[in-house]
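Novice: Here you go, this is work.txt (compact mmCIF, C-alpha atoms).
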# COMPACT_ATOMS: atom_id res chain seq x y z
CA MET A 90 106.20 135.92 94.77
CA ARG A 91 107.74 134.71 91.52
CA LYS A 92 107.50 131.11 92.68
CA SER A 93 103.80 131.38 93.49
CA ARG A 94 103.10 132.73 90.00
CA VAL A 95 105.16 130.18 88.10
CA LEU A 96 103.92 127.04 89.85
CA PRO A 97 100.25 127.42 88.79
CA LEU A 98 101.41 128.12 85.24
CA ILE A 99 103.36 124.86 85.14
CA SER A 100 100.38 123.03 86.58
CA LEU A 101 98.08 124.49 83.94
CA VAL A 102 100.48 123.57 81.13
CA ALA A 103 100.79 120.06 82.49
CA ALA A 104 97.03 119.71 82.73
CA ALA A 105 96.69 120.84 79.13
CA LEU A 106 99.16 118.17 78.12
CA GLY A 107 97.25 115.47 79.99
CA VAL A 108 100.05 115.08 82.54
CA THR A 109 99.63 115.57 86.27
CA VAL A 110 102.70 117.18 87.85
CA ALA A 111 101.03 119.55 90.31
CA GLY A 112 102.78 120.43 93.54
CA VAL A 113 106.37 120.45 92.30
CA THR A 114 108.96 123.18 92.56
CA PRO A 115 109.50 124.77 89.14
CA ALA A 116 112.89 125.14 87.51
CA SER A 117 114.18 125.96 84.06
CA ALA A 118 113.95 123.14 81.54
CA ALA A 119 117.09 121.36 80.39
CA PRO A 120 116.21 119.69 77.08
CA ASP A 121 119.72 118.28 76.72
CA THR A 122 119.56 116.32 80.00
CA PRO A 123 120.73 112.74 79.33
CA LEU A 124 117.91 110.28 79.82
CA ARG A 125 118.31 106.68 80.95
CA VAL A 126 114.78 105.42 80.32
CA MET A 127 113.30 102.16 81.57
CA PRO A 128 110.06 101.20 79.75
CA LEU A 129 108.39 99.00 82.39
CA GLY A 130 105.26 96.89 82.03
CA ASP A 131 103.75 93.93 80.23
CA SER A 132 103.19 93.00 76.56
CA ILE A 133 102.19 96.54 75.61
CA THR A 134 105.62 97.71 76.78
CA TRP A 135 107.18 94.78 74.92
CA GLY A 136 105.42 95.92 71.74
CA VAL A 137 102.86 93.22 70.90
CA GLY A 138 100.61 94.44 68.10
CA SER A 139 103.10 96.77 66.46
CA SER A 140 104.43 95.92 63.02
CA THR A 141 108.06 96.33 64.13
CA GLY A 142 107.91 95.03 67.69
CA ASN A 143 108.96 98.48 68.90
CA GLY A 144 105.61 99.44 70.39
CA TYR A 145 105.61 102.98 71.77
CA ARG A 146 109.34 102.86 72.46
CA ALA A 147 110.72 103.80 69.02
CA PRO A 148 108.46 106.81 68.45
CA LEU A 149 109.14 107.95 72.02
CA TRP A 150 112.87 107.64 71.36
CA ASN A 151 112.48 109.74 68.21
CA ARG A 152 110.55 112.45 70.05
CA LEU A 153 113.07 112.65 72.90
CA ALA A 154 116.06 112.63 70.54
CA ALA A 155 114.51 115.49 68.56
CA ASP A 156 114.30 117.45 71.83
CA GLY A 157 118.06 117.07 72.21
CA HIS A 158 118.23 114.45 74.96
CA PRO A 159 121.11 111.95 74.80
CA LEU A 160 119.30 108.63 75.24
CA ASP A 161 119.79 105.17 76.64
CA PHE A 162 116.83 102.81 76.97
CA VAL A 163 117.51 100.12 79.58
CA GLY A 164 116.11 96.79 80.74
CA THR A 165 116.85 93.09 80.80
CA VAL A 166 114.96 92.22 77.58
CA ARG A 167 115.18 93.40 73.98
CA ASN A 168 112.52 93.52 71.29
CA GLY A 169 111.91 95.34 68.03
CA SER A 170 113.84 96.76 65.12
CA MET A 171 114.90 100.02 66.82
CA SER A 172 118.59 100.65 67.47
CA ASP A 173 118.17 100.51 71.27
CA PRO A 174 115.43 97.94 71.96
CA ASP A 175 116.23 97.42 75.67
CA ASN A 176 113.15 97.42 77.89
CA GLU A 177 111.51 95.77 80.89
CA GLY A 178 108.29 94.62 79.20
CA HIS A 179 107.12 91.10 80.04
CA SER A 180 104.17 89.62 78.15
CA GLY A 181 101.40 88.30 80.35
CA TYR A 182 102.79 89.70 83.59
CA ARG A 183 100.62 91.03 86.39
CA ILE A 184 101.66 93.91 88.64
CA ASP A 185 102.95 91.58 91.36
CA GLN A 186 105.14 89.76 88.82
CA ILE A 187 106.66 93.04 87.67
CA ALA A 188 107.22 93.99 91.32
CA ALA A 189 109.11 90.73 91.87
CA LEU A 190 111.75 91.66 89.29
CA ALA A 191 111.77 95.43 89.74
CA ASP A 192 114.34 95.68 92.56
CA ALA A 193 116.99 93.77 90.62
CA SER A 194 116.36 95.60 87.35
CA LEU A 195 116.21 99.08 88.86
CA THR A 196 119.33 98.35 90.90
CA ARG A 197 121.19 97.19 87.81
CA TYR A 198 120.27 100.07 85.51
CA ARG A 199 119.27 102.95 87.81
CA PRO A 200 117.15 104.87 85.27
CA ASN A 201 116.30 108.53 85.71
CA VAL A 202 112.97 108.08 83.86
CA VAL A 203 110.57 105.14 84.20
CA THR A 204 107.59 104.82 81.85
CA LEU A 205 105.05 102.50 83.48
CA HIS A 206 101.99 100.96 81.83
CA ILE A 207 100.78 97.97 83.86
CA GLY A 208 97.53 96.37 85.06
CA THR A 209 95.93 94.96 81.93
CA ASN A 210 96.55 91.35 82.95
CA ASP A 211 95.41 91.99 86.51
CA LEU A 212 92.04 93.21 85.27
CA GLN A 213 91.73 90.32 82.85
CA GLY A 214 91.79 87.85 85.72
CA ALA A 215 90.41 89.86 88.62
CA SER A 216 86.96 89.40 90.11
CA GLU A 217 87.36 92.83 91.68
CA VAL A 218 89.63 95.78 91.04
CA ASP A 219 90.72 96.57 94.59
CA SER A 220 93.58 94.09 94.64
CA ALA A 221 95.01 95.47 91.39
CA ILE A 222 94.87 99.01 92.74
CA ALA A 223 96.65 97.98 95.94
CA ARG A 224 99.36 96.24 93.95
CA LEU A 225 99.87 99.31 91.76
CA ARG A 226 100.21 101.56 94.81
CA SER A 227 102.80 99.20 96.25
CA LEU A 228 104.71 99.05 92.96
CA VAL A 229 104.87 102.84 92.63
CA ASN A 230 106.21 103.06 96.18
CA GLN A 231 108.73 100.33 95.38
CA ILE A 232 110.00 102.11 92.26
CA THR A 233 110.38 105.46 94.02
CA ALA A 234 112.26 103.78 96.87
CA ASP A 235 114.61 101.98 94.48
CA VAL A 236 115.32 105.06 92.32
CA PRO A 237 114.32 108.09 94.41
CA ASP A 238 115.86 110.58 91.98
CA ALA A 239 113.97 109.22 88.98
CA THR A 240 110.87 110.64 87.33
CA VAL A 241 108.16 107.95 87.21
CA LEU A 242 105.47 108.38 84.54
CA VAL A 243 102.46 106.24 85.42
CA ALA A 244 100.08 105.75 82.49
CA SER A 245 96.38 105.06 82.56
CA LEU A 246 95.42 101.80 80.87
CA VAL A 247 94.63 102.06 77.18
CA VAL A 248 91.20 101.17 75.86
CA SER A 249 90.41 97.55 75.02
CA THR A 250 87.55 95.52 73.60
CA SER A 251 87.84 92.96 76.39
CA SER A 252 84.66 92.99 78.46
CA SER A 253 86.47 91.73 81.56
CA GLU A 254 89.02 94.54 81.42
CA GLU A 255 86.60 97.27 80.39
CA ARG A 256 84.40 96.45 83.38
CA TRP A 257 87.17 97.65 85.71
CA ARG A 258 89.36 99.94 83.61
CA GLY A 259 87.64 103.22 84.48
CA THR A 260 87.80 102.53 88.20
CA TYR A 261 91.42 101.45 87.95
CA ASN A 262 92.43 104.51 85.96
CA GLN A 263 90.71 106.84 88.41
CA ALA A 264 92.54 105.15 91.28
CA THR A 265 95.80 105.53 89.37
CA ARG A 266 95.31 109.30 89.41
CA GLN A 267 94.89 109.19 93.18
CA ILE A 268 97.98 107.01 93.64
CA VAL A 269 99.99 109.55 91.65
CA SER A 270 98.52 112.44 93.62
CA ASP A 271 99.41 110.76 96.91
CA ALA A 272 102.96 110.11 95.72
CA GLN A 273 103.38 113.76 94.73
CA ALA A 274 102.05 114.86 98.12
CA ALA A 275 104.85 112.77 99.65
CA GLY A 276 107.39 114.71 97.58
CA LYS A 277 107.99 112.05 94.94
CA ARG A 278 108.55 112.72 91.23
CA VAL A 279 105.57 110.72 89.99
CA ALA A 280 103.27 111.94 87.22
CA PHE A 281 100.06 110.63 85.68
CA VAL A 282 100.06 110.19 81.89
CA ASP A 283 96.62 110.11 80.29
CA MET A 284 96.20 107.50 77.53
CA SER A 285 92.55 108.29 76.85
CA SER A 286 93.33 109.54 73.33
CA LEU A 287 93.47 105.93 72.12
CA THR A 288 90.22 104.55 70.73
CA THR A 289 89.22 101.06 69.63
CA ALA A 290 90.32 102.07 66.11
CA ASP A 291 93.88 102.17 67.52
CA LEU A 292 93.89 98.47 68.49
CA ALA A 293 95.53 95.58 66.66
CA ASP A 294 93.57 93.05 68.77
CA PRO A 295 91.32 93.24 71.85
CA LEU A 296 94.17 94.37 74.14
CA HIS A 297 97.15 95.68 72.15
CA PRO A 298 97.54 98.93 70.20
CA ASN A 299 98.41 99.02 66.53
CA ASP A 300 101.11 101.31 65.17
CA ALA A 301 98.83 104.35 65.30
CA GLY A 302 97.89 103.55 68.88
CA TYR A 303 101.50 103.14 69.91
CA GLN A 304 102.30 106.50 68.33
CA LYS A 305 99.63 108.06 70.54
CA MET A 306 101.15 106.36 73.58
CA ALA A 307 104.58 107.70 72.64
CA ASP A 308 103.17 111.19 72.25
CA ALA A 309 101.57 110.98 75.71
CA PHE A 310 104.75 109.75 77.39
CA HIS A 311 106.70 112.43 75.52
CA ARG A 312 104.39 115.09 76.93
CA GLY A 313 105.01 113.56 80.34
CA VAL A 314 108.77 113.95 79.98
CA GLN A 315 108.36 117.52 78.73
CA ALA A 316 106.13 118.45 81.66
CA ALA A 317 108.52 116.86 84.15
CA ASP A 318 111.40 118.70 82.50
CA SER A 319 109.59 122.03 82.73
CA ALA A 320 108.83 121.31 86.39
CA GLY A 321 112.51 120.77 87.15
CA TRP A 322 112.18 117.07 87.90
CA LEU A 323 114.75 115.63 85.54
CA ARG A 324 118.14 114.84 87.02
CA ASN A 325 121.27 113.69 85.25
CA PRO A 326 121.53 109.91 85.42
CA ALA A 327 123.42 108.65 88.44
CA PRO A 328 126.68 106.80 87.86
CA ALA A 329 125.85 103.36 86.57
CA PRO A 330 125.76 100.70 89.30
CA ALA A 331 128.91 98.62 89.44
CA ARG A 332 130.33 95.52 91.04
CA VAL A 333 132.53 96.10 94.08
CA GLN A 334 135.48 93.71 94.22
CA SER A 335 137.24 92.79 97.42
CA GLY A 336 141.00 93.00 97.84
CA ILE A 337 140.69 89.25 98.25
CA ALA A 338 141.14 88.07 94.69
CA GLY A 339 138.07 86.97 92.78
CA LYS A 340 135.54 87.96 95.46
CA CYS A 341 132.85 90.64 95.20
CA MET A 342 130.43 92.32 97.60
CA ASP A 343 127.23 90.30 97.29
CA VAL A 344 123.68 90.29 98.65
CA ASN A 345 123.00 86.78 99.92
CA GLY A 346 120.66 84.96 97.55
CA ALA A 347 119.62 88.26 95.90
CA GLY A 348 117.32 88.70 98.89
CA THR A 349 115.49 91.93 99.54
CA ALA A 350 114.29 91.29 103.09
CA ASN A 351 115.63 93.48 105.87
CA GLY A 352 118.53 91.69 107.54
CA THR A 353 119.73 89.85 104.43
CA ALA A 354 123.47 89.25 104.84
CA VAL A 355 125.94 91.22 102.75
CA GLN A 356 128.82 88.88 102.03
CA THR A 357 131.67 88.03 99.71
CA TRP A 358 131.05 85.72 96.78
CA SER A 359 132.87 84.80 93.60
CA CYS A 360 132.42 87.71 91.19
CA GLY A 361 129.66 87.29 88.61
CA ASP A 362 127.24 89.49 86.74
CA SER A 363 124.07 89.17 88.82
CA ALA A 364 122.12 92.20 90.05
CA ASN A 365 122.89 91.32 93.68
CA GLN A 366 126.54 92.23 93.06
CA TYR A 367 125.75 95.67 91.65
CA TRP A 368 125.97 98.65 93.98
CA SER A 369 125.22 102.35 93.60
CA ALA A 370 126.86 105.13 95.59
CA TYR A 371 124.31 107.84 96.49
CA THR A 372 125.05 111.44 97.41
CA ASP A 373 123.82 110.83 100.98
CA GLY A 374 126.74 108.46 101.55
CA THR A 375 124.73 105.26 101.21
CA LEU A 376 125.66 102.21 99.15
CA ARG A 377 122.56 100.56 97.70
CA SER A 378 121.69 97.26 96.06
CA MET A 379 118.39 95.51 95.45
CA GLY A 380 116.58 98.72 96.44
CA LYS A 381 118.02 98.79 99.98
CA CYS A 382 121.06 100.12 101.87
CA LEU A 383 124.29 98.66 103.20
CA ASP A 384 123.70 98.74 106.95
CA ALA A 385 125.65 98.08 110.16
CA ALA A 386 123.24 95.84 112.07
CA GLY A 387 121.27 97.52 114.82
CA GLY A 388 123.33 100.70 114.61
CA ALA A 389 126.08 98.94 116.55
CA THR A 390 129.65 100.23 116.32
CA ALA A 391 131.73 97.45 117.87
CA ASN A 392 134.30 95.31 116.08
CA GLY A 393 132.53 92.35 114.51
CA THR A 394 129.19 94.12 113.95
CA LYS A 395 127.58 92.30 111.05
CA VAL A 396 126.80 94.19 107.86
CA GLN A 397 123.47 93.58 106.16
CA LEU A 398 120.87 94.94 103.76
CA TRP A 399 118.17 97.17 105.28
CA SER A 400 115.57 99.69 104.18
CA CYS A 401 117.21 103.07 103.66
CA HIS A 402 116.35 105.40 106.54
CA GLY A 403 119.09 108.04 106.67
CA GLY A 404 120.73 106.66 109.80
CA ALA A 405 124.44 107.06 110.53
CA ASN A 406 124.87 103.28 110.39
CA GLN A 407 124.12 103.41 106.66
CA VAL A 408 126.77 106.01 105.74
CA TRP A 409 130.00 104.82 104.09
CA GLN A 410 132.92 107.05 103.17
CA PRO A 411 135.82 106.16 100.86
CA TYR A 412 138.83 105.58 103.09
CA ASN A 413 142.29 104.16 102.39
CA GLY A 414 141.08 102.15 99.41
CA GLY A 415 138.00 100.89 101.18
CA TYR A 416 134.85 102.08 102.99
CA ARG A 417 134.62 103.49 106.50
CA ASN A 418 131.48 104.00 108.57
CA PRO A 419 132.08 107.39 110.22
CA ALA A 420 129.64 106.74 113.08
CA SER A 421 131.77 103.85 114.32
CA GLY A 422 135.12 104.90 112.86
CA ARG A 423 135.45 101.32 111.61
CA CYS A 424 135.91 99.84 108.15
CA LEU A 425 134.04 97.39 105.96
CA ASP A 426 135.93 94.15 106.52
CA VAL A 427 136.03 90.53 105.34
CA PRO A 428 136.53 88.74 108.67
CA GLY A 429 139.73 86.76 108.93
CA SER A 430 140.50 87.50 105.26
CA SER A 431 138.33 84.50 104.49
CA THR A 432 138.24 83.32 100.89
CA ALA A 433 135.07 81.26 101.37
CA ASP A 434 131.93 82.22 99.48
CA GLY A 435 129.24 83.39 101.86
CA THR A 436 131.50 85.17 104.36
CA GLN A 437 129.37 87.92 105.92
CA LEU A 438 131.02 91.34 106.09
CA VAL A 439 131.59 93.11 109.40
CA LEU A 440 132.82 96.35 110.90
CA TRP A 441 136.43 96.26 112.11
CA ASP A 442 139.18 98.67 113.10
CA CYS A 443 140.65 100.16 109.95
CA ASN A 444 144.01 98.56 109.26
CA GLY A 445 144.64 98.90 105.51
CA GLY A 446 144.60 95.15 104.94
CA SER A 447 143.57 93.57 101.65
CA ASN A 448 140.40 92.34 103.37
CA GLN A 449 139.38 96.00 103.76
CA LYS A 450 140.12 97.05 100.18
CA TRP A 451 137.24 97.50 97.74
CA THR A 452 137.52 98.34 94.03
CA THR A 453 134.67 99.40 91.74
CA LEU A 454 134.40 97.31 88.58
CA THR A 455 132.54 98.47 85.48
CA ALA A 456 129.64 96.38 84.17
CA GLY A 457 130.22 93.61 81.75
Let me see the file written as structure tokens.

Specialist:
Amino acid sequence: MRKSRVLPLISLVAAALGVTVAGVTPASAAPDTPLRVMPLGDSITWGVGSSTGNGYRAPLWNRLAADGHPLDFVGTVRNGSMSDPDNEGHSGYRIDQIAALADASLTRYRPNVVTLHIGTNDLQGASEVDSAIARLRSLVNQITADVPDATVLVASLVVSTSSSEERWRGTYNQATRQIVSDAQAAGKRVAFVDMSSLTTADLADPLHPNDAGYQKMADAFHRGVQAADSAGWLRNPAPAPARVQSGIAGKCMDVNGAGTANGTAVQTWSCGDSANQYWSAYTDGTLRSMGKCLDAAGGATANGTKVQLWSCHGGANQVWQPYNGGYRNPASGRCLDVPGSSTADGTQLVLWDCNGGSNQKWTTLTAG
């Protein structure tokens, strides 16, 4: 009875804040939850049009810090005068271009909050809006697969004075609401953040907000975090992804060619600092890189079964337990093994009887 009373209240509060988080299980807020935030998008995320280059990121940081959250903004690029300018904003990028880099970036940083504003460049060049909507739906699904414990705040596109964008913006924003609603119905922590408070007076040029506009964006994303917090969505950040070094000196567990296709070989390679050598251990026993799981091919259990990357599906062939300094697949009773103790780059890993050899030892290395 208590649950049925509280849930509508949270939904009403969220609606008042311009944030859609309906359909979630409520829980008490934890304003001191550490946040590892990835600002994701195009030039508006990067901060074009702001006097400092910070865009909405600095005022959002200030709002979240005032709430008591320990903060870390993450991403592969840096811009602005703020103390933590890390972000994943790429000027001129379309949705498909962001999708192409998302697996590697999300794997590397594993944020527990993603702020997403994307689509402006798609509408600038599109003759119709349907393709942009389809790409956004795919990207949201991609993000939630890569970081399933994260809260994803999907913003509507801000106003512009570009006739080509304005022709499609309303339709796109309405579809964004539906994409968010569908994601929530599937049990995902995805919320819609309404940016309709910005007006043309908040623009520095036809597409980019000025400082006042970016402040409004920050306020909207801040409300999104608050609503997600009140709904019990926020989780402590997962342990940072790390390289996994083989007992064979100088070699690390590596996704061949940084591929993301099912069946991509997992191999040993000279240790570097690329995203395809970063792995995350999840509470379900999976080891994940590039948005997918370490997988014993075909569910086989025999000695010599090749190990690969595959979409995470909860199968026993994707479970790995720490064992004798290495990893054991309990379904087969066999260990993650470098065949023949090979020192050659590109040696694909296999299952093999656990024997405690150096070719079955794996050590987690911190980033850097």

Novice: Counting all atoms listed in the file, what is within 9 Å of Pro326 (chain A), bar same-chain residues fewer than 2 positions away, as JSON, numbers by chain?

Specialist: {"A": [122, 123, 124, 125, 199, 200, 201, 202, 238, 239, 323, 324, 328, 329]}

Novice: I'd like to know which of A:Gly414, A:Gly346, A:Gly403, A:Gly259 is closest to Ser245 (chain A), using all atoms listed in the file.

Specialist: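 Counting all atoms listed in the file, the residue closest to Ser245 (chain A) is A:Gly259.
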
Novice: Which residues are near Ser431 (chain A)? Cut-off 10 Å, all atoms listed in the file, ignore same chain within fewer than 4 positions. Put them as a PyMOL selection string.

Specialist: chain A and resi 337+357+427+435-437+448

Novice: In Å, with one decimal, what is the gap from CA of Cys341 (chain A) to CA of Trp451 (chain A)?

Specialist: 8.5 Å

Novice: So which residues touch Ser359 (chain A) within 7 Å, counting all atoms listed in the file, skipping near sequence neighbours fewer than 4 positions away, as a PyMOL selection string?

Specialist: chain A and resi 339-341+434

Novice: Rounded to one decimal, what separation in Å do you get between CA of Asp442 (chain A) and CA of Ala391 (chain A)?

Specialist: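 About the pair CA of Asp442 (chain A) and CA of Ala391 (chain A): they are 8.9 Å apart.
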
Novice: Determine the nearest neighbour of Gln356 (chain A) from the options A:Ala309, A:Ile268, A:Ile187, A:Val344, counting all atoms listed in the file.

Specialist: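 For Gln356 (chain A), the nearest of the candidates is A:Val344.
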
Novice: With only C-alpha atoms as the basis for distance, which of A:Gly142, A:Pro411, A:Gly130, A:Gly422 is at the shortest distance from Ala244 (chain A)?

Specialist: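 Distance minimum relative to Ala244 (chain A) lands on A:Gly130.
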
Novice: Excluding region 151-154 of chain A and its own-chain neighbours fewer than 6 positions away, which residues fall within 8 Å of it when counting all atoms listed in the file? Please give them as a ChimeraX atom specification.

Specialist: /A:160,308,311

Novice: List as number ranges by chain the protein and nucleic acid residues near Asp175 (chain A), meaning an atom at most 6 Å away when all atoms listed in the file are counted, but skip any in the same chain fewer than 6 places from it.

Specialist: A: 162-164, 166-167

Novice: How about saving the chosen residues, C-alpha atoms kept, as a tab-separated table (two decimals), in the frame of the given file?

Specialist:
chain	number	residue	atom	x	y	z
A	162	PHE	CA	116.83	102.81	76.97
A	163	VAL	CA	117.51	100.12	79.58
A	164	GLY	CA	116.11	96.79	80.74
A	166	VAL	CA	114.96	92.22	77.58
A	167	ARG	CA	115.18	93.40	73.98

Novice: Could you tell me which of A:Thr265, A:Ser251, A:Thr204, A:Asn392 comes closest to Leu292 (chain A) if we count only C-alpha atoms?

Specialist: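 Closest candidate: A:Ser251.
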
Novice: Where's the centre, and what are the edge lengths in Å to one decimal, of a box along x, y and z enclosing all listed atoms of region 391-394 of chain A padded 6 Å per side, as JSON?

Specialist:
{"center_x": 131.7, "center_y": 94.9, "center_z": 115.9, "size_x": 17.1, "size_y": 17.1, "size_z": 15.9}

Novice: Rank nothing, just name the residue among A:Asn325, A:Asn230, A:Ser140, A:Gln304 nearest to Ala191 (chain A), using only C-alpha atoms.

Specialist: A:Asn230

Novice: All heavy atoms are needed for region 399-408 of chain A; please write them out as a compact mmCIF listing (two decimals), in the frame of the given file.

Specialist:
# COMPACT_ATOMS: atom_id res chain seq x y z
N TRP A 399 119.30 96.66 104.49
CA TRP A 399 118.17 97.17 105.28
C TRP A 399 117.53 98.32 104.53
O TRP A 399 118.18 99.01 103.74
CB TRP A 399 118.66 97.65 106.65
CG TRP A 399 117.56 97.71 107.68
CD1 TRP A 399 116.75 98.77 107.96
CD2 TRP A 399 117.15 96.65 108.55
NE1 TRP A 399 115.86 98.44 108.94
CE2 TRP A 399 116.09 97.15 109.34
CE3 TRP A 399 117.58 95.34 108.75
CZ2 TRP A 399 115.45 96.38 110.31
CZ3 TRP A 399 116.94 94.57 109.71
CH2 TRP A 399 115.89 95.08 110.47
N SER A 400 116.26 98.55 104.79
CA SER A 400 115.57 99.69 104.18
C SER A 400 116.33 100.97 104.49
O SER A 400 116.76 101.20 105.63
CB SER A 400 114.14 99.80 104.72
OG SER A 400 113.39 98.67 104.37
N CYS A 401 116.47 101.82 103.49
CA CYS A 401 117.21 103.07 103.66
C CYS A 401 116.41 104.02 104.56
O CYS A 401 115.23 104.26 104.32
CB CYS A 401 117.47 103.70 102.31
SG CYS A 401 118.44 102.65 101.18
N HIS A 402 117.06 104.54 105.60
CA HIS A 402 116.35 105.40 106.54
C HIS A 402 117.13 106.64 106.94
O HIS A 402 116.68 107.43 107.77
CB HIS A 402 115.98 104.62 107.80
CG HIS A 402 117.12 103.89 108.46
ND1 HIS A 402 118.23 104.52 108.97
CD2 HIS A 402 117.32 102.56 108.66
CE1 HIS A 402 119.05 103.63 109.49
NE2 HIS A 402 118.54 102.42 109.30
N GLY A 403 118.32 106.84 106.38
CA GLY A 403 119.09 108.04 106.67
C GLY A 403 119.91 107.97 107.94
O GLY A 403 120.50 108.98 108.35
N GLY A 404 119.97 106.80 108.57
CA GLY A 404 120.73 106.66 109.80
C GLY A 404 122.23 106.65 109.56
O GLY A 404 122.72 106.33 108.47
N ALA A 405 122.98 107.00 110.63
CA ALA A 405 124.44 107.06 110.53
C ALA A 405 125.05 105.69 110.26
O ALA A 405 126.17 105.60 109.74
CB ALA A 405 125.01 107.65 111.81
N ASN A 406 124.34 104.63 110.62
CA ASN A 406 124.87 103.28 110.39
C ASN A 406 124.75 102.84 108.94
O ASN A 406 125.17 101.73 108.59
CB ASN A 406 124.16 102.26 111.29
CG ASN A 406 122.69 102.12 110.99
OD1 ASN A 406 122.01 103.12 110.75
ND2 ASN A 406 122.18 100.90 111.00
N GLN A 407 124.22 103.72 108.08
CA GLN A 407 124.12 103.41 106.66
C GLN A 407 125.00 104.35 105.81
O GLN A 407 124.89 104.36 104.59
CB GLN A 407 122.67 103.51 106.19
CG GLN A 407 121.77 102.44 106.80
CD GLN A 407 120.36 102.46 106.26
OE1 GLN A 407 119.94 103.40 105.58
NE2 GLN A 407 119.60 101.42 106.55
N VAL A 408 125.89 105.09 106.46
CA VAL A 408 126.77 106.01 105.74
C VAL A 408 128.15 105.37 105.61
O VAL A 408 128.71 104.84 106.58
CB VAL A 408 126.89 107.35 106.49
CG1 VAL A 408 127.91 108.27 105.81
CG2 VAL A 408 125.53 108.04 106.55
